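Reviewing the structure listed below.
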Amino acid sequence: MPFHEILGQPRAVHVLQQALATNNVPHAYLFYGMTGVGRFRTARTLAAALFCEAGREGGDACGLCSHCRRVEREEHPGLSVIRPVSRKGDKEWEVDPERGEIRIDQVRELQKWLAVRSFEGGWRVCILDGAERMNPAAANALLKTLEEPPPESLLLVISPTRTQLPPTVVSRCRPLYFPPVPRTEIEHILRSGGGGPVPENPSLVAALSGGSVGKALRMSTEWVTGERRQWIRRLIDTVGKEAGGSLVSFADDVARSPRVVEVLDLLVTWYRDLAVFCGLGDTDRLLNLDLADEIRRISACGDAWSWAEKARAVQRARASVVGRQNLNLPLLMETTLLRLGDRGPVL
């Protein structure tokens with residue numbers, strides 16, 4: 001896709017087009033920002049622009065030539081995409097963005113690929129999607145390539161933050177921040193049908209996305225209007241009450257849900273909204289806009305600091321769920337919900 005199809009990242013697009021137009025592309029970029037704001041799409045477009053003969057001089061990709069189409073399919077011989085993997089069998093690995101890791105043998109294969117292609121000429125672009133999941137050995141191996149990059153090679157390192165990568169890796173990349181997309185712009189994208197069918201309530205979906213276009217486009221009507229509200233109602237009815245059996249049941253249901261990460265994300269937004277309204281008294285800043293009346297009522301039962309602490313407790317639980325393969329989910333959920341209740345009433 002051409003750069004003009006990258007949504008909500010005008011600064012990043014401008015920086016990259018200027019680098020292309022002035023022939024000042026560095027050997028490595030670090031694209032960092034929350035998931036779903038266009039980091040990978042932008043990386044792929046930059047790769048296409050380097051290979052695209054038609055669009056190169058204007059600092060863009062045409063999106064139509066064979067080079068651009070092959071990059072879009074991740075089939076271009078000058079493009080390598082590395083993602084976290086986890087073991088599938090004795091000798092098999094599968095892509096696993098949430099619980100996998102980027103391993104040293106993947107980086108070594110990249111180094112061999114770069115060395116072989118350096119004799120053939122032309123750009124070689126490697127996208128490390130999920131670089132924060134590099135294990136220490138892989139990061140150390142990558143460092144050598146960053147220190148002595150082959151000519152006309154470009155490493156595009158993608159991570160949520162700079163702090164999740166070793167400082168030695170960060171210092172050898174040119175950082176480019178991808179901020180959350182403004183709510184109004186996400187709503188415009190949704191209403192225009194830019195990502196498919198227009199959702200039932202674009203303004204609510206845009207608010208719930210938290211600045212992530214990708215999250216907004218993936219959000220189903222059933223989740224927004226039904227399941228999400230049911231989880232919040234159960235949280236209100238369970239946490240902070242003298243109902244141990246109900247709490248265990250709720251914790252077990254969260255752990256067994258195929259959307260456990262989404263449920264935890266939802267609980268974070270709920271407590272975040274309580275903290276925001278308690279501190280600012282402003283419903284315009286809420287994510288769960290349709291629950292503003294309940295948020296206004298419940299927020300008075302605590303202070304902004306205590307609500308924010310609850311949000312952080314759920315965030316820690318989410319990090320454990322995403323980062324570990326062997327985990328007692330029911331116990332983790334029960335422990336987390338008990339902590340929420342211990343810090344003060346929900347109602």
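Residues are referred to by chain and number: the chain letter is A, B, ... according to the order shown in the structure tokens, the number counts from 1 in that chain, and ligands are numbered separately from 1 in the order shown.
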
Margin query: Need to verify the contact set: A:Arg83, 7 Å, only C-alpha atoms, exclusion of same-chain residues closer than 2 positions in sequence. Can you return it as a list in words?
Written below: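 Non-adjacent residues within range: Val81, Val85, Val95, Pro97, Ile102, Leu128, Asp129 and Gly130 of chain A.
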
Export, as a JSON list (two decimals), in the first residue's frame, the selected residues with all heavy atoms.
[["chain", "number", "residue", "atom", "x", "y", "z"],
["A", 81, "VAL", "N", 10.60, -11.23, 7.11],
["A", 81, "VAL", "CA", 9.80, -10.85, 8.28],
["A", 81, "VAL", "C", 10.02, -11.88, 9.38],
["A", 81, "VAL", "O", 9.82, -13.08, 9.17],
["A", 81, "VAL", "CB", 8.29, -10.76, 7.93],
["A", 81, "VAL", "CG1", 7.49, -10.35, 9.17],
["A", 81, "VAL", "CG2", 8.06, -9.76, 6.80],
["A", 85, "VAL", "N", 8.03, -17.03, 17.82],
["A", 85, "VAL", "CA", 7.54, -18.39, 17.57],
["A", 85, "VAL", "C", 7.55, -19.18, 18.87],
["A", 85, "VAL", "O", 8.28, -18.85, 19.81],
["A", 85, "VAL", "CB", 8.40, -19.11, 16.51],
["A", 85, "VAL", "CG1", 8.30, -18.43, 15.16],
["A", 85, "VAL", "CG2", 9.86, -19.21, 16.96],
["A", 95, "VAL", "N", 4.27, -19.43, 14.50],
["A", 95, "VAL", "CA", 4.22, -18.03, 14.90],
["A", 95, "VAL", "C", 3.27, -17.87, 16.09],
["A", 95, "VAL", "O", 2.14, -18.36, 16.07],
["A", 95, "VAL", "CB", 3.76, -17.15, 13.72],
["A", 95, "VAL", "CG1", 3.57, -15.70, 14.19],
["A", 95, "VAL", "CG2", 4.78, -17.21, 12.59],
["A", 97, "PRO", "N", 2.62, -14.58, 18.44],
["A", 97, "PRO", "CA", 2.97, -13.21, 18.84],
["A", 97, "PRO", "C", 2.84, -12.94, 20.34],
["A", 97, "PRO", "O", 3.56, -12.11, 20.88],
["A", 97, "PRO", "CB", 1.98, -12.35, 18.05],
["A", 97, "PRO", "CG", 1.50, -13.21, 16.94],
["A", 97, "PRO", "CD", 1.51, -14.60, 17.48],
["A", 102, "ILE", "N", 11.39, -14.45, 19.84],
["A", 102, "ILE", "CA", 12.31, -14.44, 18.71],
["A", 102, "ILE", "C", 13.61, -15.07, 19.19],
["A", 102, "ILE", "O", 14.22, -14.62, 20.15],
["A", 102, "ILE", "CB", 12.53, -13.00, 18.20],
["A", 102, "ILE", "CG1", 11.24, -12.47, 17.59],
["A", 102, "ILE", "CG2", 13.65, -12.97, 17.16],
["A", 102, "ILE", "CD1", 11.33, -11.03, 17.09],
["A", 128, "LEU", "N", 11.37, -6.94, 12.05],
["A", 128, "LEU", "CA", 11.27, -7.73, 13.28],
["A", 128, "LEU", "C", 10.00, -7.31, 13.99],
["A", 128, "LEU", "O", 9.98, -6.31, 14.72],
["A", 128, "LEU", "CB", 12.49, -7.53, 14.18],
["A", 128, "LEU", "CG", 13.77, -8.20, 13.69],
["A", 128, "LEU", "CD1", 14.61, -7.21, 12.86],
["A", 128, "LEU", "CD2", 14.59, -8.72, 14.86],
["A", 129, "ASP", "N", 8.91, -8.02, 13.73],
["A", 129, "ASP", "CA", 7.60, -7.69, 14.25],
["A", 129, "ASP", "C", 7.39, -8.39, 15.59],
["A", 129, "ASP", "O", 7.26, -9.61, 15.65],
["A", 129, "ASP", "CB", 6.53, -8.14, 13.24],
["A", 129, "ASP", "CG", 5.15, -7.63, 13.60],
["A", 129, "ASP", "OD1", 5.06, -6.69, 14.42],
["A", 129, "ASP", "OD2", 4.16, -8.17, 13.07],
["A", 130, "GLY", "N", 7.39, -7.60, 16.67],
["A", 130, "GLY", "CA", 7.36, -8.18, 18.01],
["A", 130, "GLY", "C", 8.75, -8.31, 18.58],
["A", 130, "GLY", "O", 9.07, -9.27, 19.29]]

Mind listing the helix (DSSP H, G or I) residues of stretch 200-324 of chain A, per DSSP on the backbone, as a JSON list (two decimals) with C-alpha atoms, in the first residue's frame?
[["chain", "number", "residue", "atom", "x", "y", "z"],
["A", 202, "PRO", "CA", -18.90, 4.16, 15.61],
["A", 203, "SER", "CA", -18.36, 6.76, 18.35],
["A", 204, "LEU", "CA", -18.45, 4.09, 21.08],
["A", 205, "VAL", "CA", -16.17, 1.73, 19.15],
["A", 206, "ALA", "CA", -13.72, 4.59, 18.53],
["A", 207, "ALA", "CA", -13.69, 5.39, 22.25],
["A", 208, "LEU", "CA", -13.20, 1.75, 23.27],
["A", 213, "VAL", "CA", -7.23, 1.60, 14.59],
["A", 214, "GLY", "CA", -6.56, -2.13, 14.42],
["A", 215, "LYS", "CA", -8.49, -2.77, 17.62],
["A", 216, "ALA", "CA", -11.41, -0.67, 16.38],
["A", 217, "LEU", "CA", -11.60, -2.59, 13.11],
["A", 218, "ARG", "CA", -11.52, -5.94, 14.89],
["A", 221, "THR", "CA", -20.93, -5.58, 17.44],
["A", 222, "GLU", "CA", -21.69, -8.58, 19.66],
["A", 223, "TRP", "CA", -18.76, -7.69, 21.92],
["A", 224, "VAL", "CA", -19.50, -3.95, 22.07],
["A", 225, "THR", "CA", -23.24, -4.13, 22.69],
["A", 226, "GLY", "CA", -23.56, -7.45, 24.51],
["A", 227, "GLU", "CA", -20.68, -9.39, 26.01],
["A", 228, "ARG", "CA", -18.71, -6.34, 27.16],
["A", 229, "ARG", "CA", -21.62, -5.00, 29.21],
["A", 230, "GLN", "CA", -22.28, -8.45, 30.70],
["A", 231, "TRP", "CA", -18.70, -8.73, 31.97],
["A", 232, "ILE", "CA", -18.87, -5.26, 33.55],
["A", 233, "ARG", "CA", -22.20, -6.08, 35.20],
["A", 234, "ARG", "CA", -20.77, -9.29, 36.64],
["A", 235, "LEU", "CA", -17.73, -7.41, 37.93],
["A", 236, "ILE", "CA", -19.95, -4.87, 39.69],
["A", 237, "ASP", "CA", -22.14, -7.60, 41.15],
["A", 238, "THR", "CA", -19.21, -9.72, 42.37],
["A", 244, "GLY", "CA", -16.78, -15.78, 47.89],
["A", 245, "GLY", "CA", -18.50, -18.42, 45.78],
["A", 246, "SER", "CA", -19.58, -15.86, 43.21],
["A", 247, "LEU", "CA", -16.06, -14.46, 43.03],
["A", 248, "VAL", "CA", -14.55, -17.89, 42.41],
["A", 249, "SER", "CA", -17.17, -18.55, 39.74],
["A", 250, "PHE", "CA", -16.48, -15.21, 38.07],
["A", 251, "ALA", "CA", -12.72, -15.78, 38.19],
["A", 252, "ASP", "CA", -13.16, -19.23, 36.67],
["A", 253, "ASP", "CA", -15.36, -17.85, 33.87],
["A", 254, "VAL", "CA", -12.78, -15.17, 33.04],
["A", 255, "ALA", "CA", -10.00, -17.77, 32.97],
["A", 256, "ARG", "CA", -12.01, -20.08, 30.69],
["A", 260, "VAL", "CA", -9.51, -13.70, 28.39],
["A", 261, "VAL", "CA", -7.06, -11.01, 27.23],
["A", 262, "GLU", "CA", -9.91, -8.88, 25.86],
["A", 263, "VAL", "CA", -11.83, -9.29, 29.14],
["A", 264, "LEU", "CA", -8.80, -8.15, 31.11],
["A", 265, "ASP", "CA", -8.34, -5.21, 28.74],
["A", 266, "LEU", "CA", -11.98, -4.34, 29.38],
["A", 267, "LEU", "CA", -11.50, -4.43, 33.16],
["A", 268, "VAL", "CA", -8.52, -2.11, 32.78],
["A", 269, "THR", "CA", -10.65, 0.38, 30.82],
["A", 270, "TRP", "CA", -13.38, 0.16, 33.45],
["A", 271, "TYR", "CA", -11.10, 1.06, 36.35],
["A", 272, "ARG", "CA", -9.31, 3.60, 34.18],
["A", 273, "ASP", "CA", -12.66, 5.29, 33.52],
["A", 274, "LEU", "CA", -13.48, 5.35, 37.22],
["A", 275, "ALA", "CA", -10.11, 6.97, 37.96],
["A", 276, "VAL", "CA", -10.50, 9.52, 35.16],
["A", 277, "PHE", "CA", -14.00, 10.56, 36.15],
["A", 278, "CYS", "CA", -13.12, 10.64, 39.84],
["A", 279, "GLY", "CA", -10.16, 12.89, 39.12],
["A", 280, "LEU", "CA", -11.57, 15.10, 36.37],
["A", 283, "THR", "CA", -17.43, 12.08, 30.76],
["A", 284, "ASP", "CA", -15.94, 13.12, 27.40],
["A", 285, "ARG", "CA", -12.69, 11.37, 28.37],
["A", 289, "LEU", "CA", -19.16, 6.04, 27.02],
["A", 290, "ASP", "CA", -22.41, 4.09, 27.20],
["A", 291, "LEU", "CA", -21.79, 3.32, 30.88],
["A", 292, "ALA", "CA", -21.24, 6.95, 31.91],
["A", 293, "ASP", "CA", -24.11, 6.98, 34.42],
["A", 294, "GLU", "CA", -22.80, 3.93, 36.26],
["A", 295, "ILE", "CA", -19.26, 5.26, 36.18],
["A", 296, "ARG", "CA", -20.45, 8.56, 37.66],
["A", 297, "ARG", "CA", -22.24, 6.73, 40.48],
["A", 298, "ILE", "CA", -19.58, 4.15, 41.30],
["A", 299, "SER", "CA", -16.57, 6.48, 41.08],
["A", 304, "ALA", "CA", -8.68, 8.43, 41.66],
["A", 305, "TRP", "CA", -5.57, 6.84, 43.13],
["A", 306, "SER", "CA", -7.37, 3.71, 44.37],
["A", 307, "TRP", "CA", -9.15, 3.21, 41.03],
["A", 308, "ALA", "CA", -5.87, 3.63, 39.16],
["A", 309, "GLU", "CA", -4.27, 1.03, 41.46],
["A", 310, "LYS", "CA", -7.01, -1.43, 40.56],
["A", 311, "ALA", "CA", -6.36, -0.81, 36.86],
["A", 312, "ARG", "CA", -2.66, -1.51, 37.39],
["A", 313, "ALA", "CA", -3.48, -4.74, 39.26],
["A", 314, "VAL", "CA", -5.45, -5.99, 36.26],
["A", 315, "GLN", "CA", -2.68, -4.87, 33.91],
["A", 316, "ARG", "CA", -0.20, -6.99, 35.87],
["A", 317, "ALA", "CA", -2.51, -9.99, 35.56],
["A", 318, "ARG", "CA", -2.82, -9.39, 31.82],
["A", 319, "ALA", "CA", 0.97, -9.26, 31.45],
["A", 320, "SER", "CA", 1.21, -12.62, 33.21],
["A", 321, "VAL", "CA", -1.43, -14.15, 30.93],
["A", 322, "VAL", "CA", 0.29, -12.93, 27.77],
["A", 323, "GLY", "CA", 3.83, -13.71, 28.86]]

Next item on the list: From a DSSP pass on the backbone, collect the residues of stretch 33-260 of chain A flagged as strand (DSSP E) and hand them back as number ranges by chain.
Entry: A: 79-82, 85-87, 93-95, 124-129, 153-159, 174-177

Margin query: Using only C-alpha atoms, can you tell me which of A:Val239, A:Leu64, A:Leu146, A:Ala137 comes closest to A:Leu338?
Written below: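 Counting only C-alpha atoms, the residue closest to A:Leu338 is A:Val239.
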
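Among the candidate residues A:His27, A:His188, A:His14, A:Arg69, the one lying nearest to A:Arg124 is A:His27, with distances computed using only C-alpha atoms.
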
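If you count only C-alpha atoms and ignore residues fewer than 5 places along the chain from A:Ser171, what sits within 10 Å of it is Leu30, Leu146, Arg162 and Pro166 of chain A.
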
Store the residues of this selection in a file with C-alpha atoms, as a compact mmCIF listing (two decimals), in the first residue's frame.
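Output (again.txt):
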# COMPACT_ATOMS: atom_id res chain seq x y z
CA LEU A 30 12.75 1.45 15.73
CA LEU A 146 23.22 -3.37 13.93
CA ARG A 162 11.71 1.51 23.77
CA PRO A 166 17.95 -3.70 25.43

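Between atom CA of A:Val169 and atom CA of A:Leu156 the separation is 11.8 Å.
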